[in-house]
Amino acid sequence: MNSTVSASVADTHLAPKEGRFEQFWQVLRENSLAIAGLAIFMVFFCVALLGLVLTSGPEPVFDPALVRLQEKLRPPFSSPHIGSLQPEEIPTLGIYLLGTDDLGRDVFARMLQGAWVSLTVGFVAVGISVLIGVFMGSMAGYFGQYRIIDTLIMRIVDIMLCFPSFFLILTVVALLPASIYNIMIVIGLTSWMGTARFVRAEFLSLREQDFVIAATALGVGHFRIIFRHMLPNAVAPVLVSATIGIATAILTEAGLSFLGFGVPPPHATWGNVLSDGKAFIFDAPWLTFIPGFTILIVVLSFNLFGEGLRDALNPKLRGRR
Amino acid sequence: MLSFIGRSLIQKTITLFFVSVVSFLIIHLAPGEPSQVDPLNPKFTPEMVERFQKAFHLDRALHVQYLYFYRDFFTGKTVSWKDNQSVVVKIWERFLNSLPLFIVGTIITWTLSFPVGIRAAIFRGGLYDRSTTFFSYLLISIPGFFFAYILIIFVVNHFHVPVIGMETFGLGEASWWHVVMDRVWHLLLPSVLGATGGIAVLSRYVRSQMLEVEGQDYIRTARAKGLSPDQVHYKHALRNALLPFVTMFGLILPGLIGGSVIIESIFSWPGMGRMAYEAILARDYPVILTVNFISAVLVLAGTFVSDLLYLVVDPRIRL
């Protein structure tokens with residue numbers, strides 16, 4: 001009751017005509033590249049979910065691990081030789097949509113399975129790095145008046161930045177037992193420094209603002225101020241860097257798979273489909289080009305959407321229309 | 001000035017110490033030992049494992065191992081566990097191989113990025129600007145190994161030249177011109193690949209710097225007093241926009257040793273990156289640690305140099 005009254009009062013007198021989200025959407029909509037990125041990202045998300053459903057379980061609809069040696073290196077859109085296959089070996093769609101690889105496995109099924117891997121690696125790794133980065137950055141920024149906390153955290157950031165990142169990831173992944181979770185965790189643990197730096201910078205300026213002083217004067221606790229009052233105001237750059245971070249994580253995972261340190265076989269990822277196909281690059285170029293272009297398009301869509309997000313969340317650009 | 005140098009030297013030494021501790025811990029806390037690399041090898045008897053452990057102090061406590069390792073490191077006596085060669089010599093050889101890649105890649109990056117970025121800024125919003133923007137996103141997003149294969153197919157099919165390795169094997173009696181061109185072809189692809197990401201990022205950065213300067217009041221003044229557009233763009237705007245890039249000379253230092261692992265593996269280029277990769281595969285800890293340490297030194301030296309350059313070129317900064 002009380003809240004509806006105050007909301008209607010706010011509507012009539014105080015609130016701007018457009019909400020924050022509408023303003024944001026107005027700016028984003030003008031950026032056709034970013035919208036294209038968002039659309040591709042949504043398609044990719046659905047395909048990855050579908051891929052998880054259709055390729056897992058004891059009797060998957062598309063079996064990515066089914067070997068048909070008599071059908072190896074068939075080009076895309078070729079129909080199988082029905083006579084030489086067992087009934088359960090016939091591909092679900094009736095044709096090899098994206099061809100087969102050197103063991104006669106259906107590339108379409110493998111790409112579907114790999115989509116889910118790329119998606120989870122991207123999101124989990126970035127989730128870890130954002131959590132650490134936001135925590136470290138907000139601690140350093142909020143408790144900036146105690147030199148010791150700030151200095152300690154920023155020195156840790158400096159130390160982490162000294163490691164060549166791909167080399168460090170490669171070392172750790174090679175020394176640890178091969179598993180998809182290790183890759184996510186290692187990528188996450190080695191990529192939080194950028195987030196920590198700009199969250200700290202944001203917090204240093206937010207801390208001086210009136211609403212924080214007001215909250216402190218009301219006796220609100222430190223952690224409530226940090227996470228309820230200040231963090232929502234510092235979230236824009238985090239979102240942007242997270243979007244671009246997902247693109248980087250997908251590329252890193254593909255690179256690791258390519259070098260043979262990625263997700264262990266028989267699980268298919270885009271990186272190891274490409275890496276398996278590189279030996280047949282002149283005989284079966286689709287084994288290189290299909291995963292290569294898929295990675296390129298997905299990573300590109302994340303980068304474009306991230307840049308569009310940066311513009312749309314930038315308050316300086318918002319008033320320009 | 002002197003106190004700034006002193007303070008940052010002390011700070012960087014402390015950082016370096018922690019880097020050395022952390023990298024040592026990462027390597028030694030991981031499961032598996034170097035002596036277990038090949039458990040099926042019949043030549044690797046338990047006595048040999050024991051001798052191996054004794055020779056490299058692997059039977060001692062972790063902090064003692066650390067002290068031994070860095071004592072050897074600073075006296076230059078570290079040897080590779082794989083072939084007993086001196087690590088310094090090994091790295092120096094590989095470094096000389098990676099150096100041409102780095103130099104050519106850097107030259108390509110810096111000579112291409114500036115014209116592209118400046119032109120994009122001057123014709124802001126035009127077709128050229130939008131297409132270079134899209135193209136640079138494309139270059140950032142393309143997986144290096146995939147791009148490498150596209151380029152290899154293209155060059156091999158159209159120019160019929162071999163590109164894998166550092167030179168074609170067995171060119172003994174060929175003319176010197178042939179040998180030189182062979183070297184150039186082998187060098188070109190990996191350096192172009194090494195430069196792609198750099199071109200994309202740097203040209204965007206040049207563009208945004210240029211745009212920022214072009215929005216300043218003194219540029220409007222220069223236009224208002226009737227200077228030609230060329231003079232406004234290249235004399236007034238560009239000189240001020242260049243300032244931050246002077247400091248970037250320091251930041252390219254780490255690239256000296258970074259040498260891309262993936263690109264060097266694809267092209268069978270015997271450089272630093274590939275050596276590091278082989279060392280990881282063989283669990284050759286001294287090599288891994290040394291590469292790590294040197295690259296940390298280069299990162300720290302790079303930031304130090306860029307701070308100093310900033311002091312020198314920008315009179316507004318006083319400490």
# chains A, B, ... in the order shown; residues from 1 in each chain; ligands from 1
>>> interface_residues(of="chain B", to="chain A", cutoff="8 Å", atoms="only C-alpha atoms", output="number ranges by chain")
B: 15-16, 18-19, 26-27, 30-32, 137-138, 140-143, 145-146, 258, 261-262, 280-281, 292, 295-297, 299-300
>>> write_last_selection(atoms="C-alpha atoms", output="PDB file, in the first residue's frame")
ATOM      1  CA  THR B  15      57.451  -7.910  -6.470  1.00  0.00           C
ATOM      2  CA  LEU B  16      60.029  -9.978  -8.294  1.00  0.00           C
ATOM      3  CA  PHE B  18      57.180 -12.827  -4.652  1.00  0.00           C
ATOM      4  CA  VAL B  19      56.859 -13.768  -8.311  1.00  0.00           C
ATOM      5  CA  ILE B  26      52.916 -23.476  -8.499  1.00  0.00           C
ATOM      6  CA  ILE B  27      55.349 -25.854 -10.105  1.00  0.00           C
ATOM      7  CA  ALA B  30      51.304 -29.669  -8.638  1.00  0.00           C
ATOM      8  CA  PRO B  31      50.840 -33.425  -8.458  1.00  0.00           C
ATOM      9  CA  GLY B  32      53.455 -35.564 -10.197  1.00  0.00           C
ATOM     10  CA  TYR B 137      37.215  -6.729 -34.173  1.00  0.00           C
ATOM     11  CA  LEU B 138      37.577  -9.495 -36.704  1.00  0.00           C
ATOM     12  CA  ILE B 140      40.908  -9.714 -32.330  1.00  0.00           C
ATOM     13  CA  SER B 141      38.304 -12.457 -32.539  1.00  0.00           C
ATOM     14  CA  ILE B 142      39.954 -14.840 -34.969  1.00  0.00           C
ATOM     15  CA  PRO B 143      41.730 -17.751 -33.259  1.00  0.00           C
ATOM     16  CA  PHE B 145      45.836 -21.048 -35.096  1.00  0.00           C
ATOM     17  CA  PHE B 146      42.872 -20.916 -37.473  1.00  0.00           C
ATOM     18  CA  GLY B 258      56.358 -13.935 -24.805  1.00  0.00           C
ATOM     19  CA  VAL B 261      53.563 -20.758 -28.093  1.00  0.00           C
ATOM     20  CA  ILE B 262      50.823 -21.613 -30.578  1.00  0.00           C
ATOM     21  CA  ILE B 280      56.330 -27.922 -19.854  1.00  0.00           C
ATOM     22  CA  LEU B 281      55.743 -31.222 -21.631  1.00  0.00           C
ATOM     23  CA  ASN B 292      59.018 -17.249 -16.059  1.00  0.00           C
ATOM     24  CA  SER B 295      59.560 -12.593 -18.439  1.00  0.00           C
ATOM     25  CA  ALA B 296      58.624 -11.161 -15.045  1.00  0.00           C
ATOM     26  CA  VAL B 297      61.818  -9.078 -15.112  1.00  0.00           C
ATOM     27  CA  VAL B 299      57.366  -6.889 -17.499  1.00  0.00           C
ATOM     28  CA  LEU B 300      58.715  -4.936 -14.532  1.00  0.00           C
TER      29      LEU B 300
END
>>> select_by_dssp(residues="segment 11-257 of chain A", states="strand (DSSP E or B)", output="ChimeraX atom specification")
/A:78,96,100,106
>>> select_by_dssp(residues="segment 52-84 of chain A", states="helix (DSSP H, G or I)", output="ChimeraX atom specification")
/A:52-55,69-71,82-84
>>> write_last_selection(atoms="all heavy atoms", output="mmCIF file, in the first residue's frame")
data_model
loop_
_atom_site.group_PDB
_atom_site.id
_atom_site.type_symbol
_atom_site.label_atom_id
_atom_site.label_comp_id
_atom_site.auth_asym_id
_atom_site.auth_seq_id
_atom_site.Cartn_x
_atom_site.Cartn_y
_atom_site.Cartn_z
ATOM 1 N N LEU A 52 23.588 -29.742 -25.476
ATOM 2 C CA LEU A 52 23.730 -30.511 -24.238
ATOM 3 C C LEU A 52 22.650 -31.582 -24.167
ATOM 4 O O LEU A 52 22.924 -32.739 -23.845
ATOM 5 C CB LEU A 52 23.640 -29.573 -23.036
ATOM 6 C CG LEU A 52 23.722 -30.288 -21.697
ATOM 7 C CD1 LEU A 52 25.135 -30.740 -21.445
ATOM 8 C CD2 LEU A 52 23.232 -29.406 -20.577
ATOM 9 N N VAL A 53 21.416 -31.208 -24.497
ATOM 10 C CA VAL A 53 20.296 -32.146 -24.391
ATOM 11 C C VAL A 53 20.437 -33.266 -25.417
ATOM 12 O O VAL A 53 20.250 -34.445 -25.109
ATOM 13 C CB VAL A 53 18.964 -31.391 -24.587
ATOM 14 C CG1 VAL A 53 17.801 -32.378 -24.596
ATOM 15 C CG2 VAL A 53 18.783 -30.364 -23.489
ATOM 16 N N LEU A 54 20.795 -32.881 -26.655
ATOM 17 C CA LEU A 54 20.748 -33.861 -27.740
ATOM 18 C C LEU A 54 21.974 -34.774 -27.792
ATOM 19 O O LEU A 54 21.919 -35.814 -28.440
ATOM 20 C CB LEU A 54 20.611 -33.141 -29.088
ATOM 21 C CG LEU A 54 19.303 -32.370 -29.296
ATOM 22 C CD1 LEU A 54 19.277 -31.733 -30.662
ATOM 23 C CD2 LEU A 54 18.115 -33.305 -29.133
ATOM 24 N N THR A 55 23.090 -34.386 -27.189
ATOM 25 C CA THR A 55 24.279 -35.219 -27.335
ATOM 26 C C THR A 55 24.680 -35.931 -26.057
ATOM 27 O O THR A 55 25.677 -36.644 -26.042
ATOM 28 C CB THR A 55 25.488 -34.394 -27.799
ATOM 29 O OG1 THR A 55 25.743 -33.384 -26.828
ATOM 30 C CG2 THR A 55 25.262 -33.776 -29.155
ATOM 31 N N LEU A 69 34.207 -46.204 -39.391
ATOM 32 C CA LEU A 69 35.462 -46.095 -40.139
ATOM 33 C C LEU A 69 35.243 -46.140 -41.649
ATOM 34 O O LEU A 69 36.017 -45.585 -42.414
ATOM 35 C CB LEU A 69 36.422 -47.205 -39.707
ATOM 36 C CG LEU A 69 37.101 -46.949 -38.376
ATOM 37 C CD1 LEU A 69 37.983 -48.112 -37.989
ATOM 38 C CD2 LEU A 69 37.908 -45.665 -38.420
ATOM 39 N N GLN A 70 34.169 -46.829 -42.107
ATOM 40 C CA GLN A 70 33.944 -46.916 -43.560
ATOM 41 C C GLN A 70 33.441 -45.595 -44.131
ATOM 42 O O GLN A 70 33.389 -45.428 -45.330
ATOM 43 C CB GLN A 70 32.968 -48.059 -43.882
ATOM 44 C CG GLN A 70 31.563 -47.883 -43.340
ATOM 45 C CD GLN A 70 31.415 -48.373 -41.919
ATOM 46 O OE1 GLN A 70 32.275 -48.139 -41.077
ATOM 47 N NE2 GLN A 70 30.328 -49.056 -41.625
ATOM 48 N N GLU A 71 33.057 -44.638 -43.261
ATOM 49 C CA GLU A 71 32.485 -43.374 -43.736
ATOM 50 C C GLU A 71 33.394 -42.188 -43.419
ATOM 51 O O GLU A 71 32.917 -41.102 -43.170
ATOM 52 C CB GLU A 71 31.123 -43.149 -43.063
ATOM 53 C CG GLU A 71 30.061 -44.121 -43.459
ATOM 54 C CD GLU A 71 29.371 -43.722 -44.745
ATOM 55 O OE1 GLU A 71 29.975 -43.910 -45.804
ATOM 56 O OE2 GLU A 71 28.253 -43.208 -44.686
ATOM 57 N N ILE A 82 23.974 -46.166 -47.151
ATOM 58 C CA ILE A 82 23.100 -46.884 -46.224
ATOM 59 C C ILE A 82 23.492 -48.353 -46.136
ATOM 60 O O ILE A 82 23.482 -48.953 -45.067
ATOM 61 C CB ILE A 82 21.629 -46.764 -46.692
ATOM 62 C CG1 ILE A 82 21.228 -45.295 -46.794
ATOM 63 C CG2 ILE A 82 20.695 -47.514 -45.764
ATOM 64 C CD1 ILE A 82 21.043 -44.603 -45.492
ATOM 65 N N GLY A 83 23.897 -48.927 -47.285
ATOM 66 C CA GLY A 83 24.172 -50.353 -47.313
ATOM 67 C C GLY A 83 25.278 -50.790 -46.369
ATOM 68 O O GLY A 83 25.227 -51.878 -45.808
ATOM 69 N N SER A 84 26.272 -49.940 -46.180
ATOM 70 C CA SER A 84 27.436 -50.369 -45.407
ATOM 71 C C SER A 84 27.297 -50.052 -43.924
ATOM 72 O O SER A 84 28.224 -50.265 -43.151
ATOM 73 C CB SER A 84 28.697 -49.705 -45.964
ATOM 74 O OG SER A 84 28.609 -48.314 -45.763
#
>>> atom_distance(atom1="atom CA of Ala242 of chain A", atom2="atom CA of Ala36 of chain A")
18.4 Å
>>> closest_residue(among="B:Ile252, B:Met275, B:Val21, B:Val312", to="Ser98 of chain B", atoms="only C-alpha atoms")
B:Met275
>>> atom_distance(atom1="atom CA of Pro190 of chain B", atom2="atom CA of Pro244 of chain B")
28.0 Å
>>> closest_atom_pairs(of="segment 160-250 of chain B", to="segment 123-136 of chain B", cutoff="8 Å", atoms="only C-alpha atoms", output="JSON lines")
{"residue": "B:Ile199", "atom": "CA", "partner": "B:Ser136", "partner_atom": "CA", "distance": 7.7}
{"residue": "B:Ala200", "atom": "CA", "partner": "B:Ser136", "partner_atom": "CA", "distance": 4.5}
{"residue": "B:Val201", "atom": "CA", "partner": "B:Ser136", "partner_atom": "CA", "distance": 7.4}
{"residue": "B:Arg204", "atom": "CA", "partner": "B:Thr133", "partner_atom": "CA", "distance": 7.5}
